[in-house]
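What follows is start.tsv (TSV, C-alpha atoms and all ligand atoms).
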```tsv
chain	number	residue	atom	x	y	z
A	1	MET	CA	252.85	138.14	208.35
A	2	ARG	CA	252.97	139.71	204.93
A	3	VAL	CA	250.39	138.27	202.59
A	4	MET	CA	251.00	138.79	198.92
A	5	SER	CA	248.31	138.60	196.34
A	6	CYS	CA	248.65	137.56	192.74
A	7	ASN	CA	246.31	136.62	189.97
A	8	ALA	CA	245.42	132.96	189.67
A	9	PRO	CA	245.14	131.81	186.09
A	10	THR	CA	241.78	130.22	185.33
A	11	ILE	CA	243.47	126.89	184.65
A	12	LEU	CA	244.43	126.62	188.32
A	13	LEU	CA	240.81	126.95	189.33
A	14	ALA	CA	239.78	124.37	186.77
A	15	SER	CA	242.31	121.82	187.98
A	16	LEU	CA	241.40	122.45	191.61
A	17	LEU	CA	237.77	121.77	190.85
A	18	ALA	CA	238.49	118.54	189.01
A	19	GLY	CA	237.86	115.27	190.81
A	20	PRO	CA	235.37	113.87	193.28
A	21	ALA	CA	235.94	116.62	195.83
A	22	LEU	CA	233.65	118.70	193.63
A	23	ALA	CA	230.61	116.61	194.54
A	24	GLN	CA	231.21	117.21	198.23
A	25	MET	CA	231.82	120.92	197.85
A	26	SER	CA	228.15	121.78	198.14
A	27	GLN	CA	228.33	120.69	201.78
A	28	PRO	CA	231.14	122.50	203.56
A	29	ILE	CA	229.62	122.33	207.07
A	30	LEU	CA	231.30	119.74	209.29
A	31	GLY	CA	229.21	117.61	211.64
A	32	GLU	CA	229.96	116.80	215.28
A	33	ASN	CA	230.32	113.04	214.94
A	34	ALA	CA	233.76	111.51	215.29
A	35	THR	CA	234.64	108.14	213.77
A	36	LYS	CA	237.39	106.03	215.37
A	37	ILE	CA	240.23	105.31	212.92
A	38	SER	CA	242.75	103.66	215.28
A	39	ASP	CA	243.56	103.54	219.03
A	40	HIS	CA	244.35	107.27	219.34
A	41	VAL	CA	242.97	108.71	216.12
A	42	TRP	CA	239.45	109.97	215.47
A	43	ALA	CA	238.06	111.66	212.37
A	44	ILE	CA	235.23	113.98	211.52
A	45	MET	CA	234.34	112.63	208.09
A	46	GLY	CA	233.36	115.46	205.75
A	47	TRP	CA	234.83	118.10	203.48
A	48	PRO	CA	237.58	117.61	204.34
A	49	ASN	CA	238.09	114.68	206.73
A	50	VAL	CA	239.62	116.16	209.89
A	51	ALA	CA	241.86	114.06	212.18
A	52	ILE	CA	241.81	114.37	215.98
A	53	ILE	CA	244.72	112.61	217.70
A	54	VAL	CA	244.27	112.16	221.42
A	55	GLY	CA	247.08	111.57	223.91
A	56	GLU	CA	247.11	111.62	227.72
A	57	ARG	CA	248.13	115.28	227.98
A	58	ALA	CA	247.48	116.89	224.63
A	59	THR	CA	245.45	116.66	221.44
A	60	LEU	CA	246.65	117.26	217.89
A	61	ILE	CA	244.19	118.23	215.18
A	62	VAL	CA	245.01	117.92	211.48
A	63	ASP	CA	243.05	120.38	209.30
A	64	THR	CA	240.39	122.93	210.21
A	65	GLY	CA	237.40	122.78	207.86
A	66	LEU	CA	236.35	125.78	205.75
A	67	GLY	CA	236.33	128.95	207.87
A	68	PRO	CA	236.09	129.69	211.61
A	69	LEU	CA	232.59	128.20	212.10
A	70	ASN	CA	233.95	124.79	211.09
A	71	GLY	CA	237.16	125.37	213.06
A	72	ALA	CA	235.04	125.96	216.18
A	73	THR	CA	233.11	122.72	215.51
A	74	VAL	CA	236.36	120.77	215.26
A	75	ALA	CA	237.65	122.31	218.52
A	76	LYS	CA	234.34	121.41	220.20
A	77	VAL	CA	234.49	117.79	219.04
A	78	ALA	CA	238.13	117.58	220.22
A	79	ALA	CA	237.15	118.98	223.63
A	80	LYS	CA	234.45	116.31	223.94
A	81	LEU	CA	236.97	113.56	223.15
A	82	SER	CA	239.62	114.97	225.50
A	83	PRO	CA	238.51	117.71	227.91
A	84	ASN	CA	240.94	120.40	229.12
A	85	GLN	CA	243.80	119.26	226.98
A	86	LYS	CA	246.58	121.32	225.49
A	87	LEU	CA	245.66	121.75	221.82
A	88	PHE	CA	247.99	121.50	218.82
A	89	LEU	CA	246.82	122.23	215.26
A	90	THR	CA	248.49	121.45	211.97
A	91	THR	CA	247.32	121.52	208.33
A	92	THR	CA	247.89	119.10	205.43
A	93	HIS	CA	248.23	121.98	202.96
A	94	PHE	CA	247.37	125.65	202.55
A	95	HIS	CA	243.98	125.34	200.79
A	96	PRO	CA	241.11	127.09	202.65
A	97	GLU	CA	239.07	124.02	203.62
A	98	HIS	CA	242.22	122.62	205.27
A	99	ALA	CA	243.66	125.73	206.90
A	100	GLY	CA	241.10	128.57	206.71
A	101	GLY	CA	239.22	127.56	209.88
A	102	GLU	CA	242.12	128.36	212.22
A	103	PRO	CA	240.52	131.54	213.68
A	104	GLY	CA	237.70	129.35	215.09
A	105	PHE	CA	240.12	127.54	217.43
A	106	PRO	CA	240.84	128.66	221.01
A	107	PRO	CA	243.48	131.44	220.98
A	108	ASN	CA	246.03	129.39	222.92
A	109	THR	CA	246.06	126.62	220.27
A	110	ILE	CA	249.62	125.88	219.15
A	111	LEU	CA	249.75	126.09	215.35
A	112	ILE	CA	252.49	124.06	213.64
A	113	ARG	CA	253.26	123.71	209.94
A	114	ASP	CA	256.13	123.04	207.59
A	115	ALA	CA	258.03	126.01	206.20
A	116	VAL	CA	257.31	125.24	202.54
A	117	GLN	CA	253.57	125.18	203.23
A	118	GLN	CA	253.81	128.44	205.16
A	119	LYS	CA	255.58	130.07	202.22
A	120	GLU	CA	252.76	128.94	199.90
A	121	MET	CA	250.25	130.24	202.42
A	122	GLU	CA	251.90	133.66	202.45
A	123	ALA	CA	252.09	133.76	198.65
A	124	HIS	CA	248.66	132.35	197.77
A	125	GLY	CA	246.58	131.88	200.96
A	126	MET	CA	244.45	135.04	200.70
A	127	GLU	CA	244.08	134.63	196.95
A	128	MET	CA	242.67	131.11	197.52
A	129	ILE	CA	240.28	132.42	200.17
A	130	GLU	CA	239.00	135.03	197.71
A	131	MET	CA	238.66	132.36	195.01
A	132	PHE	CA	236.69	130.02	197.30
A	133	SER	CA	234.55	132.95	198.55
A	134	SER	CA	233.53	133.79	194.99
A	135	ARG	CA	232.04	130.33	194.44
A	136	SER	CA	228.97	130.57	196.67
A	137	THR	CA	227.21	132.79	199.21
A	138	GLN	CA	227.76	130.09	201.82
A	139	ASN	CA	231.51	129.98	201.20
A	140	LYS	CA	231.61	133.77	201.31
A	141	GLU	CA	229.91	133.79	204.72
A	142	LEU	CA	232.12	130.99	206.05
A	143	LEU	CA	235.30	132.77	204.97
A	144	ALA	CA	234.27	136.35	205.81
A	145	ASN	CA	237.05	138.32	207.57
A	146	VAL	CA	239.36	135.32	207.85
A	147	LYS	CA	242.84	136.45	208.83
A	148	LEU	CA	245.65	133.94	208.51
A	149	ARG	CA	248.01	134.01	211.44
A	150	PRO	CA	251.62	132.87	211.35
A	151	PRO	CA	252.32	129.50	212.98
A	152	ASP	CA	253.82	129.22	216.47
A	153	VAL	CA	256.16	126.48	215.28
A	154	LEU	CA	257.68	126.15	211.80
A	155	PHE	CA	259.66	123.10	210.76
A	156	ASP	CA	261.70	122.08	207.72
A	157	SER	CA	261.31	118.34	207.28
A	158	GLU	CA	260.11	116.93	210.61
A	159	ALA	CA	258.58	117.99	213.93
A	160	GLN	CA	257.63	115.59	216.70
A	161	VAL	CA	254.80	116.25	219.09
A	162	ASP	CA	254.54	114.27	222.33
A	163	LEU	CA	250.86	114.09	223.26
A	164	GLY	CA	251.44	111.92	226.32
A	165	GLY	CA	251.81	108.24	225.47
A	166	VAL	CA	251.34	109.11	221.81
A	167	ARG	CA	254.03	110.48	219.55
A	168	ALA	CA	253.04	112.24	216.33
A	169	ARG	CA	255.62	112.85	213.62
A	170	LEU	CA	254.83	115.78	211.33
A	171	LEU	CA	256.64	115.23	208.06
A	172	TRP	CA	257.45	117.15	204.91
A	173	PHE	CA	258.72	114.76	202.23
A	174	GLY	CA	258.47	117.05	199.17
A	175	GLY	CA	255.86	118.36	196.74
A	176	ALA	CA	252.86	116.37	195.52
A	177	HIS	CA	249.33	117.94	195.46
A	178	THR	CA	251.01	121.18	196.63
A	179	ARG	CA	254.63	121.99	197.43
A	180	GLY	CA	254.04	122.08	201.16
A	181	ASP	CA	252.02	118.86	201.62
A	182	GLU	CA	252.37	117.73	205.21
A	183	LEU	CA	251.98	114.17	206.47
A	184	THR	CA	251.23	113.14	210.05
A	185	LEU	CA	252.33	109.76	211.34
A	186	VAL	CA	250.78	108.67	214.63
A	187	GLU	CA	253.46	106.28	215.77
A	188	PRO	CA	251.90	103.86	218.22
A	189	ASP	CA	248.93	103.34	215.87
A	190	GLY	CA	250.85	103.16	212.59
A	191	THR	CA	248.30	105.66	211.28
A	192	LEU	CA	249.11	108.14	208.52
A	193	VAL	CA	247.04	111.28	208.04
A	194	SER	CA	247.84	111.57	204.36
A	195	GLY	CA	246.13	114.72	203.03
A	196	ASP	CA	245.81	114.54	199.24
A	197	VAL	CA	249.12	112.66	198.89
A	198	VAL	CA	247.65	109.20	199.47
A	199	GLN	CA	243.98	108.91	198.61
A	200	ASN	CA	241.51	106.10	198.17
A	201	LYS	CA	240.55	105.66	194.51
A	202	VAL	CA	240.87	109.36	193.65
A	203	VAL	CA	242.78	110.61	190.60
A	204	PRO	CA	245.75	112.64	191.91
A	205	ASN	CA	245.69	116.35	191.25
A	206	ILE	CA	248.70	118.64	191.18
A	207	TYR	CA	247.54	122.11	192.08
A	208	GLY	CA	249.17	125.02	190.23
A	209	ASP	CA	252.93	124.97	190.71
A	210	GLY	CA	252.73	122.24	193.38
A	211	GLY	CA	254.76	119.06	192.91
A	212	THR	CA	255.39	117.02	189.77
A	213	PRO	CA	254.44	113.39	189.03
A	214	SER	CA	258.08	112.40	189.79
A	215	SER	CA	258.28	114.33	193.06
A	216	TRP	CA	254.93	112.77	194.07
A	217	LEU	CA	256.39	109.29	193.41
A	218	ALA	CA	259.50	110.19	195.44
A	219	VAL	CA	257.27	111.26	198.36
A	220	LEU	CA	255.37	107.95	198.11
A	221	ASP	CA	258.66	106.01	198.27
A	222	LYS	CA	259.48	107.76	201.54
A	223	ILE	CA	255.97	107.03	202.85
A	224	ALA	CA	256.27	103.36	201.86
A	225	ALA	CA	259.33	103.07	204.13
A	226	LEU	CA	257.14	104.04	207.11
A	227	ASN	CA	255.12	100.79	206.76
A	228	VAL	CA	251.87	102.34	207.96
A	229	ARG	CA	248.89	100.20	208.96
A	230	HIS	CA	246.09	102.77	208.60
A	231	VAL	CA	245.67	105.69	206.19
A	232	LEU	CA	243.26	108.59	206.66
A	233	PRO	CA	243.06	110.67	203.45
A	234	ASP	CA	241.42	114.12	203.43
A	235	HIS	CA	238.94	113.62	200.59
A	236	SER	CA	238.23	109.89	200.49
A	237	ALA	CA	237.53	106.88	202.69
A	238	PRO	CA	240.13	105.60	205.18
A	239	GLY	CA	241.91	102.34	204.46
A	240	ASP	CA	244.94	100.22	205.35
A	241	GLY	CA	248.59	100.54	204.31
A	242	SER	CA	247.84	99.09	200.86
A	243	LEU	CA	246.54	102.54	199.85
A	244	VAL	CA	250.17	103.72	199.70
A	245	THR	CA	251.13	100.98	197.22
A	246	ALA	CA	247.95	101.58	195.22
A	247	GLU	CA	248.61	105.33	194.94
A	248	ARG	CA	252.15	104.71	193.74
A	249	ALA	CA	251.06	102.09	191.22
A	250	PHE	CA	248.34	104.35	189.81
A	251	ILE	CA	250.62	107.36	189.32
A	252	ALA	CA	253.32	105.17	187.76
A	253	ASP	CA	250.70	103.63	185.45
A	254	VAL	CA	249.34	106.98	184.20
A	255	ARG	CA	252.86	108.33	183.82
A	256	THR	CA	254.09	105.33	181.81
A	257	ARG	CA	251.11	105.33	179.45
A	258	ALA	CA	251.16	109.11	178.98
A	259	LEU	CA	254.89	109.09	178.18
A	260	GLU	CA	254.40	106.27	175.66
A	261	LEU	CA	251.83	108.41	173.85
A	262	LYS	CA	253.99	111.50	174.12
A	263	SER	CA	256.92	109.68	172.51
A	264	LYS	CA	254.61	108.92	169.56
A	265	GLY	CA	253.87	112.64	169.14
A	266	VAL	CA	250.34	112.47	170.61
A	267	SER	CA	249.24	115.76	172.26
A	268	ALA	CA	248.41	115.87	175.98
A	269	GLU	CA	244.72	116.50	175.25
A	270	GLU	CA	244.55	113.60	172.80
A	271	ALA	CA	246.45	111.34	175.22
A	272	ALA	CA	243.94	112.05	177.99
A	273	LYS	CA	241.08	111.32	175.58
A	274	GLN	CA	242.62	107.93	174.84
A	275	LEU	CA	243.56	107.10	178.42
A	276	ASN	CA	240.26	108.05	180.12
A	277	PRO	CA	238.29	105.07	178.75
A	278	GLU	CA	241.31	102.77	179.12
A	279	PHE	CA	241.71	103.62	182.80
A	280	ARG	CA	237.94	103.61	183.45
A	281	GLN	CA	237.99	100.00	182.40
A	282	LYS	CA	241.20	99.10	184.21
A	283	TYR	CA	240.18	100.83	187.48
A	284	ALA	CA	236.47	100.04	187.17
A	285	ASP	CA	235.66	100.51	190.87
A	286	TRP	CA	236.91	104.13	191.01
A	287	PRO	CA	234.00	106.57	191.34
A	288	SER	CA	235.35	108.88	188.61
A	289	MET	CA	238.23	108.93	186.19
A	290	ASN	CA	239.30	112.14	184.49
A	291	LEU	CA	243.01	112.10	183.71
A	292	THR	CA	243.17	115.35	181.71
A	293	ALA	CA	244.91	117.48	184.35
A	294	PHE	CA	247.29	114.78	185.51
A	295	VAL	CA	248.32	113.82	181.96
A	296	ARG	CA	249.07	117.52	181.39
A	297	SER	CA	251.28	117.44	184.50
A	298	VAL	CA	253.16	114.40	183.15
A	299	TYR	CA	253.68	116.11	179.78
A	300	ALA	CA	254.80	119.34	181.46
A	301	GLU	CA	257.54	117.54	183.32
A	302	HIS	CA	259.11	115.75	180.35
A	401	ZN	ZN	243.83	120.90	198.11
A	402	ZN	ZN	240.91	119.81	199.83
```

This entry written out as structure tokens:
Amino acid sequence: MRVMSCNAPTILLASLLAGPALAQMSQPILGENATKISDHVWAIMGWPNVAIIVGERATLIVDTGLGPLNGATVAKVAAKLSPNQKLFLTTTHFHPEHAGGEPGFPPNTILIRDAVQQKEMEAHGMEMIEMFSSRSTQNKELLANVKLRPPDVLFDSEAQVDLGGVRARLLWFGGAHTRGDELTLVEPDGTLVSGDVVQNKVVPNIYGDGGTPSSWLAVLDKIAALNVRHVLPDHSAPGDGSLVTAERAFIADVRTRALELKSKGVSAEEAAKQLNPEFRQKYADWPSMNLTAFVRSVYAEH
């Protein structure tokens, strides 16, 4: 696989760091406890939350943790939940805490991801690993010598994995947090592993040239049609299907208010300054509310 490198503008780093994920970034080591989300889905809750989907014959893991040490922990927890199973691995998006732990998995693990995500990985994967490595000695150690391997299976919009009594649908619905955001629907459970696309009281964040507010809304419309019962986000607490509606309503709300201000000639920076206190009051139970980056994304699109 050819990995290209290019320079990341500082603004990308700033927008990546925005949001509550920042608070958890000081602790990138995943634990070995698994929490049950639904009949066939377990999660290691951490940075990020990692899903382990257990069928009768095979296990599918969604996301790796930061670097091979965490990848090995995830594989170990999966082996405890389902010994001697065939192992599938997929990733919600190409960022290093989601995909950079792949080398820690057993070599016969079958790696699957959507083609758009793989393209982003080839263009920006190593650059992101270097960026994360530069943030702390611990990150640098965790990501040392990480080589990104090409997936065994690439898909365009959907791949289905039969785990034995459990069918998982791997879906690409379009760009949101990144262009290649992947969603995993565990069919018998009605459980969606939602990555950054559906979160629980977290301001959405479009990374670099990822999606747009409109493409994010279009993705959420497709998710709504799945009528999921459980949602496991990657950087916030799990919840029920109402998280999908809440995510859509929040994005639509920010977009509407930002466009109202834009039509009055208010700058993006000034609009965010006005909307932050307004939304802090309106969404009072959200742990943090900084709309600057997302308002910029709304302005950029219109
Ligand atoms: Zn990310
Ligand atoms: Zn993340």

Residue with smallest distance to ligand ZN 401 (chain A) - pool A:Ala249, A:Ala176, A:Met45, A:Val298, counting all atoms listed in the file: A:Ala176

Could you tell me, counting all atoms listed in the file, which protein and nucleic acid residues lie no more than 7 Å from ligand ZN 402 (chain A), written as a list of chain:residue names?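 Residues lying within 7 Å of ligand ZN 402 (chain A): A:Pro48, A:His95, A:Glu97, A:His98, A:Asp234, A:His235.
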
10 Å shell around ligand ZN 401 (chain A) using only C-alpha atoms and all ligand atoms, listed as number ranges by chain: A: 16-17, 21, 48, 92-98, 177-178, 181, 195-197, 205-207, 234-235

Selection above as a file: C-alpha atoms, as a PDB file, in the frame of the given file:
```pdb
ATOM      1  CA  LEU A  16     241.400 122.450 191.610  1.00  0.00           C
ATOM      2  CA  LEU A  17     237.770 121.770 190.850  1.00  0.00           C
ATOM      3  CA  ALA A  21     235.940 116.620 195.830  1.00  0.00           C
ATOM      4  CA  PRO A  48     237.580 117.610 204.340  1.00  0.00           C
ATOM      5  CA  THR A  92     247.890 119.100 205.430  1.00  0.00           C
ATOM      6  CA  HIS A  93     248.230 121.980 202.960  1.00  0.00           C
ATOM      7  CA  PHE A  94     247.370 125.650 202.550  1.00  0.00           C
ATOM      8  CA  HIS A  95     243.980 125.340 200.790  1.00  0.00           C
ATOM      9  CA  PRO A  96     241.110 127.090 202.650  1.00  0.00           C
ATOM     10  CA  GLU A  97     239.070 124.020 203.620  1.00  0.00           C
ATOM     11  CA  HIS A  98     242.220 122.620 205.270  1.00  0.00           C
ATOM     12  CA  HIS A 177     249.330 117.940 195.460  1.00  0.00           C
ATOM     13  CA  THR A 178     251.010 121.180 196.630  1.00  0.00           C
ATOM     14  CA  ASP A 181     252.020 118.860 201.620  1.00  0.00           C
ATOM     15  CA  GLY A 195     246.130 114.720 203.030  1.00  0.00           C
ATOM     16  CA  ASP A 196     245.810 114.540 199.240  1.00  0.00           C
ATOM     17  CA  VAL A 197     249.120 112.660 198.890  1.00  0.00           C
ATOM     18  CA  ASN A 205     245.690 116.350 191.250  1.00  0.00           C
ATOM     19  CA  ILE A 206     248.700 118.640 191.180  1.00  0.00           C
ATOM     20  CA  TYR A 207     247.540 122.110 192.080  1.00  0.00           C
ATOM     21  CA  ASP A 234     241.420 114.120 203.430  1.00  0.00           C
ATOM     22  CA  HIS A 235     238.940 113.620 200.590  1.00  0.00           C
TER      23      HIS A 235
END
```

At a cut-off of 6 Å, using all atoms listed in the file, what residues contact Gly104 of chain A? Leave out same-chain residues fewer than 6 positions from it and give the result as a list of chain:residue names. A:Pro68, A:Gly71, A:Ala72

For each of A:Glu120, A:Glu260, A:Asp189, A:Asp221, take the minimum atom-to-atom distance to Lys36 of chain A, counting all atoms listed in the file, then give the residue where this is smallest.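 Of A:Glu120, A:Glu260, A:Asp189, A:Asp221, the one nearest Lys36 of chain A, counting all atoms listed in the file, is A:Asp189.
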
Could you work out how far atom CA of Thr91 of chain A lies from atom CA of Arg229 of chain A, giving the answer in Å with one decimal?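 Distance reported for this atom pair: 21.4 Å.
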
What is the atom CA of Ser236 of chain A to atom CA of Asn49 of chain A distance in Å?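 According to the coordinates, atom CA of Ser236 of chain A and atom CA of Asn49 of chain A are separated by 7.9 Å.
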
Distance criterion (only C-alpha atoms): nearest to Leu30 of chain A out of A:Ser136, A:Ser215, A:Thr64, A:Thr292: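 Closest to Leu30 of chain A, using only C-alpha atoms: A:Thr64.
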
Straight-line distance linking atom CA of Gly31 of chain A with atom CA of Lys80 of chain A, stated in Å to one decimal: 13.4 Å

Within 12 Å of (241.6, 115.6, 228.1), only C-alpha atoms: residues as a compact mmCIF listing (two decimals) with C-alpha atoms, in the coordinates of the input?
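Once written, selection10.txt looks like this:
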```
# COMPACT_ATOMS: atom_id res chain seq x y z
CA ILE A 53 244.72 112.61 217.70
CA VAL A 54 244.27 112.16 221.42
CA GLY A 55 247.08 111.57 223.91
CA GLU A 56 247.11 111.62 227.72
CA ARG A 57 248.13 115.28 227.98
CA ALA A 58 247.48 116.89 224.63
CA THR A 59 245.45 116.66 221.44
CA LEU A 60 246.65 117.26 217.89
CA VAL A 77 234.49 117.79 219.04
CA ALA A 78 238.13 117.58 220.22
CA ALA A 79 237.15 118.98 223.63
CA LYS A 80 234.45 116.31 223.94
CA LEU A 81 236.97 113.56 223.15
CA SER A 82 239.62 114.97 225.50
CA PRO A 83 238.51 117.71 227.91
CA ASN A 84 240.94 120.40 229.12
CA GLN A 85 243.80 119.26 226.98
CA LYS A 86 246.58 121.32 225.49
CA LEU A 87 245.66 121.75 221.82
CA LEU A 163 250.86 114.09 223.26
CA GLY A 164 251.44 111.92 226.32
```

Go through A:Ala115, A:Leu261, A:Val295, A:Ala218 and flag the residue nearest Phe155 of chain A, using only C-alpha atoms for the distances.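 The closest residue to Phe155 of chain A is A:Ala115.
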
Quick one: of A:Phe250, A:Ser214, A:Gly265, A:Thr256, who's nearest to Glu301 of chain A, counting only C-alpha atoms? A:Ser214

Please return, as a list in words, all polymer residues that have at least one atom within 9 Å of the point (235.2, 130.7, 201.7); use only C-alpha atoms and the file's own coordinate frame. Leu66, Gly67, Pro96, Glu97, Gly100, Met128, Ile129, Glu130, Met131, Phe132, Ser133, Ser134, Arg135, Ser136, Thr137, Gln138, Asn139, Lys140, Glu141, Leu142, Leu143, Ala144 and Val146 of chain A

Excluding Ser38 of chain A and residues on its chain fewer than 3 positions from it, collect all residues at most 8 Å away from it, counting all atoms listed in the file, and give them as a ChimeraX atom specification. /A:41-42,189,191,230

Go through A:Gly101, A:Gly65, A:Gly208, A:Pro106 one by one, measure the shortest atom-to-atom distance of each to Gly46 of chain A using all atoms listed in the file, and give the residue with the smallest value.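 Nearest candidate to Gly46 of chain A out of A:Gly101, A:Gly65, A:Gly208, A:Pro106: A:Gly65.
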
Name all residues at most 6 Å from Ala43 of chain A (count only C-alpha atoms; drop same-chain ones fewer than 5 positions away) and give them as a short mmCIF file (atom, residue, chain, number, x, y, z; two decimals) with C-alpha atoms, keeping the file's coordinate frame.
```cif
data_model
loop_
_atom_site.label_atom_id
_atom_site.label_comp_id
_atom_site.auth_asym_id
_atom_site.auth_seq_id
_atom_site.Cartn_x
_atom_site.Cartn_y
_atom_site.Cartn_z
CA ALA A 34 233.76 111.51 215.29
CA THR A 35 234.64 108.14 213.77
CA VAL A 50 239.62 116.16 209.89
CA ALA A 51 241.86 114.06 212.18
CA ILE A 52 241.81 114.37 215.98
#
```

Which residues are close to Leu183 of chain A, i.e. within 10 Å by all atoms listed in the file, leaving aside same-chain residues fewer than 2 positions away? Reply as a PyMOL selection string. chain A and resi 62+90-93+114+158+169-173+180-181+185-186+192-198+223

Env of Leu259 of chain A: 9 Å cut, atoms = only C-alpha atoms, seq-sep filter 3 positions within chain, self excluded. Answer as a PyMOL selection string. chain A and resi 254-256+262-264+295+298-299+302
